[in-house]
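Chemist: Below you'll find the structure I mean.
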Amino acid sequence: MAPGADQEYLSLERELTVLLRRARANQGEMAREVHPDLEPAAYGLLVRLDEYGRQRATELAGYIGVGKATMSRQLRALEDLGLVAREPDPADGRAWLVHLTDEGRTRVGLVREARRARYVSQLNHWDRREVAELARLLAQLNGVMER
């Protein structure tokens with residue numbers, strides 16, 4: 001270990017590396033469960049739309065942390081798969097709102113429910129307060145790491 005390095009931060013880096021590697025693999029599995037041709041990176045967009053409803057592409061791009069061109073490409077692919085649709089934003093005729101189609105909502109809902117059941121099974125020996133605390137700390141970490 002480097003002189004003066006904080007063991008806690010090195011442990012955090014190691015555990016986050018493992019978590020992120022596993023999360024990427026899981027995201028790929030979940031994406032394929034929604035649709036065999038779905039890119040893993042697009043799964044997060046579907047979850048965001050499922051939780052928050054209609055959003056502008058710029059809002060989605062900011063949330064995910066990608067540029068406008070990347071977001072447009074991902075949304076076009078999701079539209080081609082029949083998972084999302086766009087409609088004019090009534091508040092601004094130049095902008096579009098993106099939303100899940102009925103098919104998209106159904107597929108995402110099934111995958112999210114299966115994933116939730118898996119978490120319940122894997123963490124059933126944890127106290128629910130520990131699960132809530134982990135979720136709170138991860139939300140806090142995500143907030144700090146926002147761009």
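Here, A, B, ... name the chains of the structure tokens in the order displayed, residue numbers run from 1 inside each chain, and ligands are numbered from 1 in the same displayed order.
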List every residue of chain A that DSSP, applied to the backbone of this structure, assigns to helix (DSSP H, G or I), and report them as an NGL selection string.
Modeler: :A and (7-34 or 40-52 or 57-64 or 68-80 or 102-122 or 128-145)
Chemist: Go through stretch 52-85 of chain A and flag each residue having an atom no more than 9 Å from stretch 99-120 of chain A; for those, report the closest pair of atoms plus their distance in Å to one decimal, using only C-alpha atoms, ordered by chain and rising number, as a Markdown table.
Modeler:
| residue | atom | partner | partner_atom | distance |
| --- | --- | --- | --- | --- |
| A:Gly53 | CA | A:His99 | CA | 6.2 |
| A:Arg54 | CA | A:His99 | CA | 4.7 |
| A:Gln55 | CA | A:His99 | CA | 6.9 |
| A:Leu81 | CA | A:Gly104 | CA | 8.9 |
| A:Gly82 | CA | A:Thr101 | CA | 7.0 |
| A:Leu83 | CA | A:Gly104 | CA | 4.0 |
| A:Val84 | CA | A:Leu100 | CA | 4.3 |
| A:Ala85 | CA | A:His99 | CA | 5.6 |
Chemist: Using only N, CA and C atoms, please write the residues we just selected to a file, as a PDB file, in the first residue's frame.
Modeler:
ATOM      1  N   GLY A  53     -41.739   8.628 -15.805  1.00  0.00           N
ATOM      2  CA  GLY A  53     -42.659   8.977 -16.884  1.00  0.00           C
ATOM      3  C   GLY A  53     -41.981   9.780 -17.984  1.00  0.00           C
ATOM      4  N   ARG A  54     -42.796  10.495 -18.731  1.00  0.00           N
ATOM      5  CA  ARG A  54     -42.328  11.241 -19.903  1.00  0.00           C
ATOM      6  C   ARG A  54     -41.215  12.220 -19.528  1.00  0.00           C
ATOM      7  N   GLN A  55     -40.183  12.233 -20.394  1.00  0.00           N
ATOM      8  CA  GLN A  55     -39.063  13.145 -20.183  1.00  0.00           C
ATOM      9  C   GLN A  55     -38.500  13.574 -21.527  1.00  0.00           C
ATOM     10  N   LEU A  81     -37.178  -0.824 -31.553  1.00  0.00           N
ATOM     11  CA  LEU A  81     -37.568  -2.055 -30.853  1.00  0.00           C
ATOM     12  C   LEU A  81     -38.998  -1.983 -30.324  1.00  0.00           C
ATOM     13  N   GLY A  82     -39.642  -0.824 -30.474  1.00  0.00           N
ATOM     14  CA  GLY A  82     -41.019  -0.670 -30.011  1.00  0.00           C
ATOM     15  C   GLY A  82     -41.158  -0.481 -28.512  1.00  0.00           C
ATOM     16  N   LEU A  83     -40.058  -0.074 -27.840  1.00  0.00           N
ATOM     17  CA  LEU A  83     -40.083   0.063 -26.382  1.00  0.00           C
ATOM     18  C   LEU A  83     -40.387   1.487 -25.917  1.00  0.00           C
ATOM     19  N   VAL A  84     -40.050   2.477 -26.741  1.00  0.00           N
ATOM     20  CA  VAL A  84     -40.354   3.873 -26.415  1.00  0.00           C
ATOM     21  C   VAL A  84     -40.968   4.560 -27.626  1.00  0.00           C
ATOM     22  N   ALA A  85     -41.623   5.674 -27.342  1.00  0.00           N
ATOM     23  CA  ALA A  85     -42.181   6.517 -28.402  1.00  0.00           C
ATOM     24  C   ALA A  85     -41.919   7.971 -28.012  1.00  0.00           C
TER      25      ALA A  85
END
Chemist: Report, in Å to a single decimal, how far apart atom CA of A:Ile64 and atom CA of A:Glu51 are.
Modeler: 14.2 Å
Chemist: Contacts of A:Asp80 at 12 Å or less, counting only C-alpha atoms, minus same-chain residues fewer than 6 places along, as a PDB file with N, CA, C and O atoms, in the first residue's frame?
Modeler:
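Writing the result to part.pdb gives the following:
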ATOM      1  N   HIS A  35     -35.367  -7.278 -24.068  1.00  0.00           N
ATOM      2  CA  HIS A  35     -35.401  -7.548 -25.514  1.00  0.00           C
ATOM      3  C   HIS A  35     -34.021  -8.059 -25.916  1.00  0.00           C
ATOM      4  O   HIS A  35     -33.012  -7.459 -25.540  1.00  0.00           O
ATOM      5  N   ASP A  37     -32.269  -7.728 -28.455  1.00  0.00           N
ATOM      6  CA  ASP A  37     -31.446  -6.781 -29.208  1.00  0.00           C
ATOM      7  C   ASP A  37     -31.166  -5.483 -28.450  1.00  0.00           C
ATOM      8  O   ASP A  37     -30.593  -4.552 -29.008  1.00  0.00           O
ATOM      9  N   LEU A  38     -31.556  -5.408 -27.195  1.00  0.00           N
ATOM     10  CA  LEU A  38     -31.384  -4.181 -26.421  1.00  0.00           C
ATOM     11  C   LEU A  38     -29.947  -4.041 -25.936  1.00  0.00           C
ATOM     12  O   LEU A  38     -29.377  -4.972 -25.360  1.00  0.00           O
ATOM     13  N   ARG A  73     -29.142   8.429 -30.588  1.00  0.00           N
ATOM     14  CA  ARG A  73     -28.914   7.096 -31.148  1.00  0.00           C
ATOM     15  C   ARG A  73     -29.581   6.023 -30.289  1.00  0.00           C
ATOM     16  O   ARG A  73     -30.248   5.124 -30.804  1.00  0.00           O
ATOM     17  N   GLN A  74     -29.433   6.122 -28.967  1.00  0.00           N
ATOM     18  CA  GLN A  74     -30.040   5.134 -28.079  1.00  0.00           C
ATOM     19  C   GLN A  74     -31.563   5.186 -28.152  1.00  0.00           C
ATOM     20  O   GLN A  74     -32.227   4.146 -28.180  1.00  0.00           O
ATOM     21  N   ARG A  86     -41.993   8.836 -29.004  1.00  0.00           N
ATOM     22  CA  ARG A  86     -41.813  10.276 -28.765  1.00  0.00           C
ATOM     23  C   ARG A  86     -43.096  10.987 -29.136  1.00  0.00           C
ATOM     24  O   ARG A  86     -43.820  10.562 -30.028  1.00  0.00           O
ATOM     25  N   THR A 101     -43.633   2.727 -24.326  1.00  0.00           N
ATOM     26  CA  THR A 101     -44.848   2.209 -24.951  1.00  0.00           C
ATOM     27  C   THR A 101     -45.464   1.197 -23.983  1.00  0.00           C
ATOM     28  O   THR A 101     -44.839   0.810 -22.983  1.00  0.00           O
ATOM     29  N   GLY A 104     -43.130  -1.647 -23.898  1.00  0.00           N
ATOM     30  CA  GLY A 104     -41.949  -1.322 -23.106  1.00  0.00           C
ATOM     31  C   GLY A 104     -42.230  -1.382 -21.619  1.00  0.00           C
ATOM     32  O   GLY A 104     -41.446  -1.938 -20.840  1.00  0.00           O
TER      33      GLY A 104
END
